[in-house]
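Only one structure is covered here, and it is reproduced in the block below.
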Number of protein chains: 2
Amino acid sequence: MPPAVPNTTRNGRSSIQLTPMEVPKASDVLANELRERILSGDYVEGTPLPPERELVVQTKMSRTTVREALRILEVQGLVRIKAGRAGGAFVQRPGEQSMADTVALLIRGRQIRLAALLETREAIEPFCAQLAARHRTDEDLARLDAANDDIAGAGDSLDDFLQANIDWHVAVASASHNELLSGLMISLSRAIYAATENEGFIDDKVREITVKAHRSVTKAIRDKDADAAVRRMSRHVHSYAESIKDFEKRTDIPLDE
Amino acid sequence: MPPAVPNTTRNGRSSIQLTPMEVPKASDVLANELRERILSGDYVEGTPLPPERELVVQTKMSRTTVREALRILEVQGLVRIKAGRAGGAFVQRPGEQSMADTVALLIRGRQIRLAALLETREAIEPFCAQLAARHRTDEDLARLDAANDDIAGAGDSLDDFLQANIDWHVAVASASHNELLSGLMISLSRAIYAATENEGFIDDKVREITVKAHRSVTKAIRDKDADAAVRRMSRHVHSYAESIKDFEKRTDIPLDE
DNA sequence: TGGTATATTAGGTCTGACCGTTAGACCAGA
DNA sequence: TCTGGTCTAACGGTCAGACCTAATATACCA
């Protein structure tokens, strides 16, 4: 028998059920609204959002709240905030930079092993080379050649060598014309750089091999030989990873000698 | 001939060069300081930072500034902020979640082509399968089997099918025990899901093939057969990508019929 | 013993003020 | 006609103080 009052059980309590509800913060609401507009392309890149005080008027929120919302978007890489006259929040599309930052945080925060970084590179980079061989433009080639020149002329400076090394790898990724992959490679390269720079691993022999490998991969990309590009890049990053592993073994257990 | 006055060119102009300088904001300074302490492991995960008002006392900054700093760290996934008594900013290590969010932003913001997503998956996932075959634990296997059951029992619901599909792919990535790769795969899966759900691409035949492919990859992982895992996964994601491309071709040019 | 007020402690929001920086207009001296 | 100085207005950045709201510990009562 149904109770006399709808939605009421025999003991007089309401039987209406509600699921746990989220009470979003005001600043989140504003941030979400603005983010949605930015991502949906309502604002072209570079257009300024209204000044904070104008947003206060429009939204009836306090300046504190408006500023927190803008700060959120800034950290997410969706706006660039400039101070001073004619300043403000300028719409920006999230780029490789914001991704690289996040990856860097993940790596440091989780103390990801160098081995995992190298593994990931082995997964990604041969594929980058393959795509690069297919889609490379003449400008891409120019960047690759420039990086090759830099790496050969790096002299004795370890720093210059590593930087030029990164430049080349990034150039390959860019030549793939896949922004996801290139973004990832930028972050990865930096992290591997940071992990490698303090070790005495890089000697003259390693440099020589590296230069040679880069040239051969570059040639494959120039010739649009996708298969060769995959094969050579794969071999390059794999042997590099193996060398580092060997090096770590040798240096981690020096007590046995 | 050198000019009479040092650092001065012939026409009297100074030749001293300066690079644009950055003047960090107070909130950034605080955020950087706290971030450094968190990442260097000074605070164990879960420990609360001092309350905002306490930080105000310690840093001699205003509450506004302290709050902005905390907001930055929150967006970066380094703290989780709870309100109420016994609330506060609790230290957190950035996880796959924050990475997935960033990738999602990148994909939406740059309007990355579905083809690029599929390409990236082709690069990453076979490698994940390989690592999974090497490092899988029994729990990993249990998750894979569970996902396989779900996908088979998804009935007619497209949503259930796609969700179970994602679960399986994520399970493979997790089994690789490489947090970088698994974080990437989580974001990729979601994005591909979002791009696929509205298309009428998934029919019974696709489902059947998918189930079969998943089972065969799962078997390779169970048997710790790394080579087979790579080969089968590679084949699976490649044919899936090709099917989607075909489908898009068919549906994008329906005018010719 | 177990539920229920109440106090306490936290973050969230608001107000209003002032500071620092910058673009642009204008002016004055070399 | 340059160059530098000055002023102003328009921005974001910071500050101080107040109040609101949510969550929880704790004391209290049935």
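The way I read the labels, and the way they are meant: chains A, B, ... in the order of the structure tokens, residue 1 as the first residue of every chain, and ligand 1 as the first ligand shown, with later ones counted on from there.
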Identify all residues of region 12-242 of chain B in alpha helix (DSSP H) (DSSP on the backbone) and supply them as a VMD selection string. chain B and resid 26 to 39 52 to 59 63 to 75 96 to 109 114 to 135 138 to 152 158 to 175 179 to 196 204 to 222 226 to 242
Residues from the last selection, C-alpha atoms, saved as a short mmCIF file (atom, residue, chain, number, x, y, z; two decimals), in the first residue's frame:
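Final output, saved to result.cif:
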```cif
data_model
loop_
_atom_site.label_atom_id
_atom_site.label_comp_id
_atom_site.auth_asym_id
_atom_site.auth_seq_id
_atom_site.Cartn_x
_atom_site.Cartn_y
_atom_site.Cartn_z
CA ALA B 26 55.75 37.09 -4.54
CA SER B 27 53.23 34.28 -4.97
CA ASP B 28 55.54 32.56 -7.44
CA VAL B 29 58.42 32.79 -5.05
CA LEU B 30 56.40 31.11 -2.33
CA ALA B 31 55.04 28.50 -4.72
CA ASN B 32 58.54 27.68 -5.95
CA GLU B 33 59.86 27.37 -2.44
CA LEU B 34 57.07 25.05 -1.36
CA ARG B 35 57.28 23.05 -4.57
CA GLU B 36 60.97 22.52 -4.12
CA ARG B 37 60.44 21.25 -0.60
CA ILE B 38 57.68 18.93 -1.68
CA LEU B 39 59.57 17.48 -4.62
CA GLU B 52 47.14 29.70 5.46
CA ARG B 53 47.13 32.09 8.40
CA GLU B 54 50.18 30.39 9.85
CA LEU B 55 51.99 30.74 6.52
CA VAL B 56 51.07 34.42 6.58
CA VAL B 57 52.83 34.79 9.91
CA GLN B 58 55.85 32.79 8.81
CA THR B 59 56.34 34.40 5.42
CA ARG B 63 46.90 35.91 2.82
CA THR B 64 46.07 36.73 -0.78
CA THR B 65 49.61 35.94 -1.81
CA VAL B 66 49.76 32.76 0.26
CA ARG B 67 46.48 31.59 -1.21
CA GLU B 68 47.65 32.23 -4.77
CA ALA B 69 50.74 30.18 -4.13
CA LEU B 70 48.68 27.31 -2.75
CA ARG B 71 46.34 27.55 -5.71
CA ILE B 72 49.26 27.19 -8.07
CA LEU B 73 50.46 24.08 -6.31
CA GLU B 74 46.95 22.69 -6.30
CA VAL B 75 46.57 23.09 -10.06
CA GLU B 96 48.84 10.08 -13.89
CA GLN B 97 45.76 12.20 -13.34
CA SER B 98 47.51 15.53 -13.66
CA MET B 99 49.33 14.32 -16.73
CA ALA B 100 46.13 13.10 -18.30
CA ASP B 101 44.54 16.48 -17.67
CA THR B 102 47.38 18.32 -19.33
CA VAL B 103 47.36 16.06 -22.35
CA ALA B 104 43.61 16.50 -22.62
CA LEU B 105 44.09 20.28 -22.65
CA LEU B 106 46.78 20.01 -25.29
CA ILE B 107 44.60 17.85 -27.48
CA ARG B 108 41.57 20.09 -27.22
CA GLY B 109 43.50 23.32 -27.39
CA LEU B 114 42.30 12.02 -34.48
CA ALA B 115 44.88 10.61 -36.87
CA ALA B 116 47.66 12.02 -34.71
CA LEU B 117 46.16 10.43 -31.62
CA LEU B 118 46.00 7.09 -33.35
CA GLU B 119 49.54 7.48 -34.59
CA THR B 120 50.74 8.18 -31.09
CA ARG B 121 48.95 5.15 -29.81
CA GLU B 122 50.58 3.05 -32.47
CA ALA B 123 53.92 4.25 -31.21
CA ILE B 124 53.30 3.65 -27.56
CA GLU B 125 51.00 0.75 -27.07
CA PRO B 126 52.94 -2.09 -28.66
CA PHE B 127 55.82 -1.09 -26.47
CA CYS B 128 53.52 -1.12 -23.46
CA ALA B 129 52.46 -4.62 -24.35
CA GLN B 130 56.06 -5.68 -24.61
CA LEU B 131 56.91 -4.33 -21.19
CA ALA B 132 53.70 -5.75 -19.79
CA ALA B 133 54.65 -9.20 -21.00
CA ARG B 134 57.95 -8.84 -19.21
CA HIS B 135 56.82 -7.28 -15.95
CA ASP B 138 49.18 -11.64 -11.19
CA GLU B 139 47.11 -8.61 -10.21
CA ASP B 140 47.80 -7.11 -13.61
CA LEU B 141 46.50 -10.26 -15.22
CA ALA B 142 43.39 -10.16 -13.06
CA ARG B 143 42.63 -6.63 -14.25
CA LEU B 144 43.13 -7.62 -17.86
CA ASP B 145 40.80 -10.59 -17.50
CA ALA B 146 38.20 -8.47 -15.77
CA ALA B 147 38.30 -5.94 -18.59
CA ASN B 148 37.99 -8.73 -21.13
CA ASP B 149 34.90 -10.04 -19.36
CA ASP B 150 33.37 -6.59 -19.26
CA ILE B 151 33.94 -6.00 -22.90
CA ALA B 152 32.37 -9.27 -23.88
CA LEU B 158 28.12 1.57 -27.01
CA ASP B 159 29.13 3.44 -23.91
CA ASP B 160 29.78 0.30 -21.91
CA PHE B 161 31.77 -1.15 -24.75
CA LEU B 162 34.00 1.88 -25.12
CA GLN B 163 34.53 2.14 -21.38
CA ALA B 164 35.51 -1.50 -21.09
CA ASN B 165 37.74 -1.02 -24.10
CA ILE B 166 39.54 1.82 -22.36
CA ASP B 167 39.84 -0.20 -19.18
CA TRP B 168 41.61 -2.95 -21.00
CA HIS B 169 44.06 -0.66 -22.74
CA VAL B 170 44.78 1.15 -19.50
CA ALA B 171 45.27 -2.20 -17.77
CA VAL B 172 47.89 -3.12 -20.35
CA ALA B 173 49.66 0.18 -19.80
CA SER B 174 49.58 -0.27 -16.04
CA ALA B 175 51.03 -3.73 -16.41
CA GLU B 179 54.22 5.37 -14.98
CA LEU B 180 55.13 7.68 -17.78
CA LEU B 181 53.70 5.38 -20.41
CA SER B 182 50.63 4.51 -18.40
CA GLY B 183 49.88 8.17 -17.73
CA LEU B 184 50.12 8.88 -21.41
CA MET B 185 47.93 5.96 -22.35
CA ILE B 186 45.23 7.02 -19.91
CA SER B 187 44.98 10.43 -21.50
CA LEU B 188 45.20 9.05 -25.00
CA SER B 189 42.51 6.47 -24.38
CA ARG B 190 40.13 9.06 -23.04
CA ALA B 191 40.73 11.36 -25.96
CA ILE B 192 40.25 8.61 -28.51
CA TYR B 193 37.14 7.55 -26.66
CA ALA B 194 35.76 11.06 -26.85
CA ALA B 195 36.55 11.28 -30.54
CA THR B 196 35.04 7.90 -31.33
CA ASP B 204 29.16 -5.72 -34.34
CA LYS B 205 31.98 -6.80 -36.55
CA VAL B 206 34.39 -4.28 -35.04
CA ARG B 207 33.40 -5.45 -31.60
CA GLU B 208 34.00 -9.05 -32.41
CA ILE B 209 37.42 -8.38 -33.87
CA THR B 210 38.33 -6.21 -30.88
CA VAL B 211 37.42 -8.89 -28.38
CA LYS B 212 39.45 -11.45 -30.27
CA ALA B 213 42.48 -9.19 -30.55
CA HIS B 214 42.36 -8.33 -26.87
CA ARG B 215 42.23 -11.97 -25.92
CA SER B 216 45.20 -12.85 -28.04
CA VAL B 217 47.29 -9.99 -26.66
CA THR B 218 46.25 -10.89 -23.15
CA LYS B 219 47.38 -14.44 -23.76
CA ALA B 220 50.79 -13.26 -24.90
CA ILE B 221 51.12 -11.15 -21.79
CA ARG B 222 50.03 -14.06 -19.62
CA ALA B 226 57.08 -10.29 -25.27
CA ASP B 227 57.58 -10.71 -29.01
CA ALA B 228 54.08 -11.97 -29.58
CA ALA B 229 52.68 -9.21 -27.40
CA VAL B 230 54.37 -6.53 -29.49
CA ARG B 231 53.35 -8.12 -32.74
CA ARG B 232 49.72 -8.67 -31.83
CA MET B 233 49.21 -5.33 -30.16
CA SER B 234 50.88 -3.58 -33.05
CA ARG B 235 48.61 -5.34 -35.47
CA HIS B 236 45.55 -4.59 -33.38
CA VAL B 237 46.05 -0.85 -32.99
CA HIS B 238 47.23 -0.47 -36.57
CA SER B 239 44.21 -2.19 -38.05
CA TYR B 240 41.96 -0.25 -35.72
CA ALA B 241 43.50 2.99 -36.92
CA GLU B 242 43.18 1.92 -40.54
#
```
Taking only C-alpha atoms (C1' of nucleotides) into account, produce a table as CSV in which each residue of chain D with an atom at most 10 Å from an atom of chain A appears once, together with its shortest atom pair and the distance in Å to one decimal, ordered by chain and rising number.
```
residue,atom,partner,partner_atom,distance
D:DA9,C1',A:Arg85,CA,8.1
D:DA10,C1',A:Arg85,CA,4.8
D:DC11,C1',A:Arg85,CA,4.3
D:DG12,C1',A:Ala83,CA,4.7
D:DG13,C1',A:Ala83,CA,8.3
```
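You will find C1' of DC7 (chain D) at 29.0 Å from CA of Arg80 (chain A).
Take CA of Met21 (chain B) and CA of Gly77 (chain A): the distance between them is 20.8 Å.
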Backbone-only DSSP, strand (DSSP E or B) members of region 25-198 of chain A, as a PyMOL selection string: chain A and resi 48+79-82+88-91
Neighbouring residues of DT8 (chain C) were defined as those with any atom within 10 Å, considering only C-alpha atoms (C1' of nucleotides); residues of the same chain fewer than 3 positions away were excluded. Please report them as number ranges by chain. B: 85; D: 24-26
Next, write the just-selected residues to a file, as an mmCIF file, in the first residue's frame, keeping C-alpha atoms (C1' of nucleotides) as the atom set.
```cif
data_model
loop_
_atom_site.group_PDB
_atom_site.id
_atom_site.type_symbol
_atom_site.label_atom_id
_atom_site.label_comp_id
_atom_site.auth_asym_id
_atom_site.auth_seq_id
_atom_site.Cartn_x
_atom_site.Cartn_y
_atom_site.Cartn_z
ATOM 1 C CA ARG B 85 38.434 21.887 10.556
ATOM 2 C "C1'" DT D 24 35.278 17.953 12.634
ATOM 3 C "C1'" DA D 25 36.450 17.270 17.554
ATOM 4 C "C1'" DT D 26 34.398 17.280 21.825
#
```
List the neighbours of DC19 (chain D) out to 12 Å using only C-alpha atoms (C1' of nucleotides); skip same-chain residues closer than 3 positions along the sequence, and give me the result as a ChimeraX atom specification. /C:12-15
Chain C residues near chain B (8 Å cut-off, only C-alpha atoms (C1' of nucleotides)) as JSON, numbers by chain: {"C": [8, 9, 10, 11]}
